[in-house]
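Here is the structure we will look at, set down as structure tokens.
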Amino acid sequence: MHVAIGLLGRLLGGTGDDYVHANAILGLAQWLAAMATVVFFARRLGGDRAALLAVAALAGGAFVSGSYRVGIPSGWMFILTPWAIHFFLAGRLAPAVAATALACYMHLGGFVTAPLGVAVAALLARRLRDLIVVAVGVALLTAPYWIHVLRSLPWYVGKKGDTAWMVDPLVDLFWLVGIVAVLRAPRRNAFLVAWAAAPLPWLVQDPSRFVLQSPLVGAVLGGIAIGRWLDGWRRPWARAVVMAAIVMVATVFPFGPPALGGEVLWLRAHYPRMLDWPEMRADAEALRHDQGGGLVLGYASYVASAIAVWDDIEAEKGHWIEVRPPVDPADDIGVAEKRYVLALPPDDGTLAGWATQGWLRVLGGGRWSSVLRFTTRPTPAEAQAAVRAAWVRDGGWIAGACERNDFGDPVRVFTDPAEIPRRAAVRGECRRRMARLQVATLLYAHAIEPTDPALARRVRGGALALGWLSSVVGDESTLDFRSAAAHARFRADVAGVARVAADGGDLGPPIAGMLERYLGAARGSL
């Protein structure tokens, strides 16, 4: 998929904006492929009525529909899996091998998802000889990939970044109704049973992804089951009324956020914005004009990847990275040897004060983010004073006023023109203050590197956690990543450190205790 984005972006012109457009085009293509897959199999197995119900359920849910519209690689894996099973059961082994292998190349999880579906189909259809042929073919075609994975196993940490649970109740109801129906006669419904079984390993590896994308088969299962039930009705007018009602509910209010409502909200207010591309373009421009070089560390998981669209950079960590060296040499690189893209506007007053001290230099930035380089090393006493002042001033504000970064009341968000600007301002302020805590922590790490490199390394890790937290509390890409209880715990943690800072106590233990609770999530996302 990444190769496809690169080729299409190059064909469109090769600029950063062209690659952004290429990604959007391929995301639309994935959504269309998902819908076409549902139409084909639901209509083939249940008729036009089943196809209409299945598409309405899948397209109507904001989350599952949006996951395919965004175009993440796992989406293609879920789309290719039923085709691999279909070709296998039809006796077309060459296309079955090709579809299974392509699903594996689309996502590492394809190695268990598509083959499991084909294996279940083979067992139900008693086609074990064909299964061996397909298995050998897939093993040969994917050998470059799985050999590389086996050789690189020490690098595979398997950590998963923070995600929000995204549930579409109506399509999940379709899932349950459909699976109950087909399990009554599993051999007669071998294709549907195999397709339903294929995503099950995701319940172990990533349950939230199972809930988000496996409804592709759930929509088909439910559409066929409900369609067959309606076929038995004797009154056509009653059947038509029920069909129209189900389609209307699926489209307008599928017991959860409707995809149509999300599209209207985006057209009206451009909310939620997963990526602020103009901001990333401005940061890339600042990096391009910096002649010093060095690794780039973004405050959030997506920053460096987004900037790389416009600028040829070497970035530390990555986006949702699950593969990294067992011992990352970047963790031992000093503060001043890197460049930072942080969620602070270039004209931030506190940032300007630190720059006046000569401790850092602002290279540029956009409206709410800036590119920094640390310069003169502060003394440990100066750095401690900066950390204490930041926790008193900014930590105290966060503890008292930082709102949970959730989607919000959809009615109020849609009907009140002032709500989205208000949310942006409050969450932006929380993000800014978290970023100040991150910069102060980096200043302290910079100060103690010559005298206590081990502690400095731990402090730099703490700065990673603070950077990710600035994304969690303020970015629209991280809506609902924290529950209300988790956010209350976060504010209490910050309040505890702020109190110690105000009382003049030793900040080391409370800060370390707080960051240890959040560093794991940060390292899983950075």
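Please note that chains go A, B, ... in the order of the structure tokens, that every chain numbers its residues from 1, and that ligands are numbered from 1 in the order shown.
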Closest atom pairs, segment 321-363 of chain A residues within 12 Å of segment 465-485 of chain A, only C-alpha atoms, as JSON lines:
```
{"residue": "A:Tyr340", "atom": "CA", "partner": "A:Gly467", "partner_atom": "CA", "distance": 10.3}
{"residue": "A:Val341", "atom": "CA", "partner": "A:Gly467", "partner_atom": "CA", "distance": 9.8}
{"residue": "A:Leu342", "atom": "CA", "partner": "A:Gly467", "partner_atom": "CA", "distance": 7.4}
{"residue": "A:Ala343", "atom": "CA", "partner": "A:Ser470", "partner_atom": "CA", "distance": 7.3}
{"residue": "A:Leu344", "atom": "CA", "partner": "A:Ser470", "partner_atom": "CA", "distance": 10.0}
```
Store the residues picked out above in a file with N, CA and C atoms, as a compact mmCIF listing (two decimals), in the first residue's frame.
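That gives us selection.txt:
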```txt
# COMPACT_ATOMS: atom_id res chain seq x y z
N TYR A 340 13.26 19.00 17.45
CA TYR A 340 11.99 18.62 18.05
C TYR A 340 10.85 19.40 17.40
N VAL A 341 9.78 18.68 17.10
CA VAL A 341 8.54 19.31 16.64
C VAL A 341 7.54 19.13 17.77
N LEU A 342 7.25 20.22 18.48
CA LEU A 342 6.45 20.16 19.70
C LEU A 342 5.20 21.03 19.57
N ALA A 343 4.22 20.74 20.41
CA ALA A 343 2.92 21.40 20.32
C ALA A 343 2.92 22.73 21.06
N LEU A 344 3.86 23.59 20.72
CA LEU A 344 3.95 24.95 21.24
C LEU A 344 4.06 25.92 20.07
```
I'd like the contact shell of segment 289-304 of chain A - 9 Å cut-off, only C-alpha atoms, skipping same-chain residues fewer than 3 positions apart - returned as a PDB file with C-alpha atoms, in the first residue's frame.
```pdb
ATOM      1  CA  GLY A 161      -0.238   2.181  20.516  1.00  0.00           C
ATOM      2  CA  LEU A 275      -4.195  15.496  10.571  1.00  0.00           C
ATOM      3  CA  MET A 280       2.810  19.833   9.179  1.00  0.00           C
ATOM      4  CA  ALA A 284       8.549  20.745   7.341  1.00  0.00           C
ATOM      5  CA  GLU A 285       9.489  24.116   5.864  1.00  0.00           C
ATOM      6  CA  ALA A 286      11.192  25.118   9.126  1.00  0.00           C
ATOM      7  CA  ILE A 307       6.475  15.923   7.899  1.00  0.00           C
ATOM      8  CA  ALA A 308       8.335  13.339   5.802  1.00  0.00           C
ATOM      9  CA  VAL A 309       5.742  13.921   3.081  1.00  0.00           C
ATOM     10  CA  ILE A 313      14.274  13.659   7.292  1.00  0.00           C
ATOM     11  CA  GLU A 314      15.608  11.001   9.614  1.00  0.00           C
ATOM     12  CA  ALA A 315      13.080  10.560  12.400  1.00  0.00           C
ATOM     13  CA  GLU A 316      13.300   8.964  15.810  1.00  0.00           C
ATOM     14  CA  LYS A 317      10.688   6.318  16.606  1.00  0.00           C
ATOM     15  CA  GLY A 318       7.829   6.270  14.134  1.00  0.00           C
ATOM     16  CA  HIS A 319       4.112   5.923  13.600  1.00  0.00           C
ATOM     17  CA  TRP A 320       2.472   3.154  15.657  1.00  0.00           C
ATOM     18  CA  ILE A 321       5.778   1.345  15.433  1.00  0.00           C
ATOM     19  CA  ALA A 330      18.358   6.934  19.634  1.00  0.00           C
ATOM     20  CA  GLU A 337      21.715  16.423  18.919  1.00  0.00           C
ATOM     21  CA  LYS A 338      18.059  16.233  17.905  1.00  0.00           C
ATOM     22  CA  ARG A 339      15.441  18.565  16.499  1.00  0.00           C
ATOM     23  CA  TYR A 340      11.988  18.622  18.046  1.00  0.00           C
ATOM     24  CA  VAL A 341       8.545  19.309  16.643  1.00  0.00           C
ATOM     25  CA  LEU A 342       6.451  20.155  19.696  1.00  0.00           C
ATOM     26  CA  ALA A 343       2.917  21.402  20.322  1.00  0.00           C
ATOM     27  CA  LEU A 363      13.581  27.338  14.067  1.00  0.00           C
ATOM     28  CA  ALA A 435       4.272  20.742  25.800  1.00  0.00           C
ATOM     29  CA  GLN A 438       7.935  18.419  27.978  1.00  0.00           C
ATOM     30  CA  LEU A 464       8.582  11.147  25.414  1.00  0.00           C
ATOM     31  CA  ALA A 465       5.632  10.351  27.658  1.00  0.00           C
ATOM     32  CA  LEU A 466       4.839  14.033  28.185  1.00  0.00           C
ATOM     33  CA  GLY A 467       4.918  14.629  24.444  1.00  0.00           C
ATOM     34  CA  TRP A 468       2.490  11.796  23.783  1.00  0.00           C
ATOM     35  CA  LEU A 469       0.253  13.064  26.584  1.00  0.00           C
ATOM     36  CA  SER A 470       0.160  16.481  24.925  1.00  0.00           C
ATOM     37  CA  SER A 471      -1.298  14.712  21.886  1.00  0.00           C
ATOM     38  CA  VAL A 472      -3.766  12.658  23.942  1.00  0.00           C
ATOM     39  CA  ALA A 522       3.889   6.459  24.893  1.00  0.00           C
ATOM     40  CA  SER A 525       2.730   4.837  20.159  1.00  0.00           C
ATOM     41  CA  LEU A 526       6.100   6.456  19.389  1.00  0.00           C
TER      42      LEU A 526
END
```
With DSSP run on the backbone, what are the alpha helix (DSSP H) residues within segment 224-292 of chain A? I'd like them as a ChimeraX atom specification. /A:224-231,236-252,259-269,277-288
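Nearest to Ala498 of chain A of all the residues A:Ala454, A:Val459, A:Val217, A:Ile398 is A:Ile398, counting only C-alpha atoms.
Shortest atom-to-atom contact with Val497 of chain A among A:Leu89, A:Ala399, A:Met434, A:Ala418: A:Ala399, counting only C-alpha atoms.
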Name all residues at most 10 Å from Val120 of chain A (count only C-alpha atoms; drop same-chain ones fewer than 2 positions away) and give them as a PyMOL selection string. chain A and resi 85+115-118+122-126+131+190-191+193-198
Limited to C-alpha atoms, could you put the picked residues into a file as an mmCIF file, in the first residue's frame?
```
data_model
loop_
_atom_site.group_PDB
_atom_site.id
_atom_site.type_symbol
_atom_site.label_atom_id
_atom_site.label_comp_id
_atom_site.auth_asym_id
_atom_site.auth_seq_id
_atom_site.Cartn_x
_atom_site.Cartn_y
_atom_site.Cartn_z
ATOM 1 C CA ILE A 85 -11.867 -18.064 0.601
ATOM 2 C CA PRO A 115 -4.857 -18.456 5.865
ATOM 3 C CA LEU A 116 -7.138 -19.202 8.812
ATOM 4 C CA GLY A 117 -10.182 -18.413 6.685
ATOM 5 C CA VAL A 118 -8.970 -20.662 3.890
ATOM 6 C CA ALA A 122 -10.981 -26.462 3.559
ATOM 7 C CA LEU A 123 -12.010 -28.342 6.693
ATOM 8 C CA LEU A 124 -15.691 -27.661 6.186
ATOM 9 C CA ALA A 125 -15.537 -28.549 2.479
ATOM 10 C CA ARG A 126 -13.139 -31.468 3.055
ATOM 11 C CA LEU A 131 -5.365 -26.612 1.095
ATOM 12 C CA ALA A 190 -18.916 -22.951 4.660
ATOM 13 C CA PHE A 191 -17.952 -19.679 2.992
ATOM 14 C CA VAL A 193 -18.405 -19.545 8.535
ATOM 15 C CA ALA A 194 -14.836 -19.433 7.216
ATOM 16 C CA TRP A 195 -15.043 -15.691 6.588
ATOM 17 C CA ALA A 196 -16.438 -15.121 10.084
ATOM 18 C CA ALA A 197 -13.661 -17.233 11.643
ATOM 19 C CA ALA A 198 -10.809 -15.499 9.801
#
```
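For the pair atom CA of Pro378 of chain A and atom CA of Arg431 of chain A, the interatomic distance is 24.8 Å.
Of the listed residues (A:Pro453, A:Pro186, A:Gly364, A:Gly178), A:Gly364 comes nearest to Pro346 of chain A; the distances count only C-alpha atoms.
Note that the spacing between atom CA of Asp332 of chain A and atom CA of Trp368 of chain A amounts to 28.9 Å.
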Excluding same-chain residues fewer than 4 positions from Gly75 of chain A, what lies within 8 Å of it counting only C-alpha atoms, as JSON, numbers by chain? {"A": [30, 67, 68, 71, 79, 213]}
